[in-house]
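Presented below is the structure to which this report refers.
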Amino acid sequence: MQWSDMEQQTFDSTGGEPEAAALPPVPEGGARYFNRELSWLNFNRRVLDEARNTDYPLLERLRFLSISGNNLDEFTMVRVAGLAGQVERQIGEISIDGLTPAQQLSAVRKAVIELLTDQQAVWDELQRLLAREDILVSGERHPFTAEQLEWLEKHFHEAVLPIITPQAIDPAHPFPFIANQGMGILFSLTRLADQSPVMEMVLIPTALPRFIRLPGPTAVYISIEDLICRYTDILFPGFRFEGHGVFRVLRDSDIEIEEDAEDLVRYFRRAIQRRRRGKVILLQLQGELNQTAEELLLDQLGLEQAMVIKTGGLVGMSGLSTIVDEDRPALKFQPYNPRFPERIKEHDGDCFAAIREKDLIVHHPYESFEVVIDFLRQAATDPDVVAIKQTLYRAGKQSAIIAALIAAAEAGKSVTAVVELKARFDEEQNLLWASQLERAGVQVIYGFVDWKTHAKVSMVVRREGDSYRTYCHFGTGNYHPFTARIYTDLSFFTADPKAARDAGRLFNFITGYVEPREMEVLSISPLNLRDRLYSCIDREIANAQAGKPAAIWAKMNQLTDDGLIERLYAASNAGVEINLVVRGICCLRPGIPGMSEHIAVKSVIGRFLEHSRIWAFAAGSALPNPHAEVFISSADGMSRNLDRRVELLVPIRNSTVHDQVLDQVMLANLLDTEQSWLLEPDGTYRRMDKGDEPFNLHRYFMTNPSLSGRGAALAKGRKVPKLSLRRGAA
């Protein structure tokens, strides 16, 4: 593999000293960090750039555009809303890069508008390319055939007209409430009977699909707003159509927890209702609204702190996901079916027997999430299992995990579920699951008022002979069957008694506030996870100062905590070689002489969403090595994860699992050149040079078995290609 000078230096810890040169001053204060909000917008720009990636099939490019749109919606509803709230309340808290809320809000608004503009440009390009593939997204004035027009009018009469409700806007008809993410059309009309101007609004119900596909072999779509506008004569007989405008509203969707909340369940039910009525943060306008209509809309929505964006194109890019579902395999990634670990098959599907033999790690989505489900299903039906304890952060709408827990409780087992109500945008679903679990006899715990329980843990206590054995699952991702197909995560199974005792202490801490006095192998935030990471970093600093090889490899989704960043800066200044894979937000400034010249940061954006969290410390030998300290975690490098959430840091001590996490997963992320972006000292990202031997980490894992799950037959036969820092897969 060929590396540029900058790329190569991240893997070299030996060699001659460079010539002394005059160095710029080391940044101080806020200049030591990137802004969190702008870094996130930079991440979403990388997602959008995947929609321009000509190496991807066309509908996959459209999927990335839709994801970028959905991401930006959530960012606006939470982060932009938070900044607007701080400005309104005159909160002067300074960000770690030294900006006031007002300064951040101004910069963020500018970047959001630029991103929305770029999304529209990408959509215009993709729309032209889709048309070449006979996938047409038609506007209201598209010249349909007579047969198509007949179908459209019939569909409008039968499936749209009975559902929508036009409402006049006048003193007798107050301005209607527009829900969060609500879309509508404002019509300017003239009543033919008396030539009076009339203003009408049609709110588009969420029950209606955003895009409607006309029947026929050629895929022809029309948006719901264009369909409604096409038939204004049917909707408003006796009126002359003067103009219209489509609008979309995003509201403040964050939920703040009150410390004195007496009943969390009741509080969240009320808070979810309030969220639908939060302050407007963004109003998108599209069309030909006259000035009077536009002023009315702006006035009635109360837009003191809101962004107002006018576009000549599509409003709400997230809705394009409907078109991505078009059945055109040639325009999508080749389907991938996850492998089921051979090791469990060799034990006739007995998860407990496989785990009892030795620790096992399952790498999603390359290996099936069904292993996790089977682990709990087996526990539910096994007469020797006496107790199950489970954390639930996000479980999805159709959860086999919930079904297994209910089955276990109905079978008479002791089942405890820690359901996190504060999982953003999943609060309502989690309330539903909690209710169903309680009705089945599961002991449901909601955890802490102030802290989210974000750790992913299952405990199964099983009677074996005259004693009991506890089997544990520790994950980097959620117990969510859908995201497990697209998020790369690690599921670690062990019957290690030390880990089991620690897991029991964790659950007692969550359910009964019994703070563990000591932990044998696991580290928990907010108690000691930060201290454990600092201790590992400090050992690398000591090794570097003693002249020993010293290095840190880490993979996470976000890195924003200034304390952790400063510790990494200190390690860099001591000569520790640090390679970070940070998919999203990164406030650390790499490559700054005298501060971070030994730190390199990359972001991987590709077919799957990189989600696993890994830490690796060299421990006196060059990485990778069999004696390195390796951890998986549920926590990102953020203050909230380290100080305000219940998280886990799990050491990997089994040699095979250790090799898989370090020599396979972590190393492949560092070696990837096809989906990687390098973070520059000025905060910009640039695509990594693919080199003479391109390496795609997702393709590698899709085509090669994992070390711990391959089983005896594969271990003796087909070898897993060994990864090398210099040559990729050898």
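We name chains A, B, ... following the order of the structure tokens; residues begin at 1 in each chain, and ligands are numbered from 1 as shown.
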
>> Show me, as a PyMOL selection string, the residues that have an atom within 9 Å of stretch 209-217 of chain A when counting only C-alpha atoms, minus same-chain residues fewer than 6 positions from it.
In response: chain A and resi 137+148+151-152+223-225+227+319-320+322-323

Mind dumping a table of every stretch 338-430 of chain A residue within 7 Å of stretch 472-491 of chain A, with the nearest atom pair and its distance in Å to one decimal, using only C-alpha atoms, sorted by chain and rising number, as a tab-separated table?
```
residue	atom	partner	partner_atom	distance
A:Ile361	CA	A:Ser491	CA	5.4
A:Val362	CA	A:Ser491	CA	5.0
A:His363	CA	A:Leu490	CA	4.9
A:His364	CA	A:Asp489	CA	5.1
A:Pro365	CA	A:Arg485	CA	4.9
A:Phe369	CA	A:Ala484	CA	6.3
A:Leu392	CA	A:Tyr479	CA	6.8
A:Tyr393	CA	A:Asn478	CA	6.5
A:Arg394	CA	A:Asn478	CA	5.7
A:Ala395	CA	A:His480	CA	4.3
A:Gly396	CA	A:His480	CA	5.2
A:Ser399	CA	A:Pro481	CA	6.9
```

>> Based on the backbone DSSP call, show me all residues of stretch 122-360 of chain A assigned strand (DSSP E), as a PyMOL selection string.
In response: chain A and resi 135-138+166-168+183-191+196-204+211-214+219-223+239-251+280-287+307-311+360

>> Can you tell me which residues surround A:Leu115 at a distance of at most 9 Å, considering only C-alpha atoms, apart from same-chain residues fewer than 5 positions away, and format the answer as a ChimeraX atom specification?
In response: /A:41,44-45,48,72,110,120

Saved selection, atoms kept: C-alpha atoms, as a PDB file, in the first residue's frame:
```
ATOM      1  CA  LEU A  41     -22.082  19.683   9.721  1.00  0.00           C
ATOM      2  CA  ASN A  44     -22.977  15.432   7.156  1.00  0.00           C
ATOM      3  CA  ARG A  45     -21.256  17.064   4.201  1.00  0.00           C
ATOM      4  CA  LEU A  48     -23.742  14.105   1.159  1.00  0.00           C
ATOM      5  CA  LEU A  72     -29.846  17.557   8.920  1.00  0.00           C
ATOM      6  CA  LYS A 110     -24.840  29.874   7.414  1.00  0.00           C
ATOM      7  CA  GLN A 120     -30.634  20.548  -3.846  1.00  0.00           C
TER       8      GLN A 120
END
```

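What separates atom CA of A:Ile163 from atom CA of A:Trp123 is a distance of 29.0 Å.
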
>> With DSSP run on the backbone, what are the helix (DSSP H, G or I) residues within stretch 305-540 of chain A? I'd like them as number ranges by chain.
In response: A: 317-324, 329-331, 342-345, 351-357, 370-381, 400-410, 427-439, 483-485, 497-512, 529-540

> So, counting only C-alpha atoms, which residue among A:Val576, A:Leu62, A:Leu678, A:Val460 is closest to A:Asp325?
Replying inline: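 Checking each of A:Val576, A:Leu62, A:Leu678, A:Val460 against A:Asp325, counting only C-alpha atoms, the winner is A:Leu62.
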
> What's the 7 Å shell around A:Ala554, counting only C-alpha atoms, without same-chain residues fewer than 2 positions away, as a ChimeraX atom specification?
Replying inline: /A:552,556,579-581,614-616

Skipping near chain neighbours, those fewer than 2 positions away, what residues fall within 6 Å of A:Tyr471 using only C-alpha atoms, listed as an mmCIF file with C-alpha atoms, in the first residue's frame?
```
data_model
loop_
_atom_site.group_PDB
_atom_site.id
_atom_site.type_symbol
_atom_site.label_atom_id
_atom_site.label_comp_id
_atom_site.auth_asym_id
_atom_site.auth_seq_id
_atom_site.Cartn_x
_atom_site.Cartn_y
_atom_site.Cartn_z
ATOM 1 C CA MET A 459 -27.009 -11.195 31.762
ATOM 2 C CA VAL A 460 -28.325 -14.749 31.808
ATOM 3 C CA THR A 494 -18.389 -14.335 27.718
ATOM 4 C CA ALA A 495 -18.928 -16.607 30.715
#
```

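Shortest atom-to-atom contact with A:Gly683 among A:Arg61, A:His598, A:Arg462, A:Arg589: A:Arg589, counting only C-alpha atoms.
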
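Taking atom CA of A:Pro549 and atom CA of A:Ile599 as the two end points, the separation is 15.2 Å.
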
> From the set A:Asp73, A:Ala111, A:Lys279, A:Ile541, which residue has the shortest atom-to-atom contact distance to A:Asn42, counting only C-alpha atoms?
Replying inline: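 Of the candidates, the smallest distance to A:Asn42 is held by A:Ala111.
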
> Neighbours of A:Arg377 within 8 Å (only C-alpha atoms; same-chain residues fewer than 3 positions away dropped), as a PyMOL selection string?
Replying inline: chain A and resi 373-374+380-381+401+404-405

Can I get the selection written as a PDB file, in the first residue's frame, with C-alpha atoms?
```
ATOM      1  CA  ILE A 373     -31.672 -12.848  19.554  1.00  0.00           C
ATOM      2  CA  ASP A 374     -31.013 -16.602  19.791  1.00  0.00           C
ATOM      3  CA  ALA A 380     -36.283 -17.890  27.592  1.00  0.00           C
ATOM      4  CA  THR A 381     -36.941 -21.568  26.814  1.00  0.00           C
ATOM      5  CA  ILE A 401     -35.597  -9.066  21.895  1.00  0.00           C
ATOM      6  CA  ALA A 404     -37.902 -13.126  24.076  1.00  0.00           C
ATOM      7  CA  LEU A 405     -37.994 -11.217  27.367  1.00  0.00           C
TER       8      LEU A 405
END
```
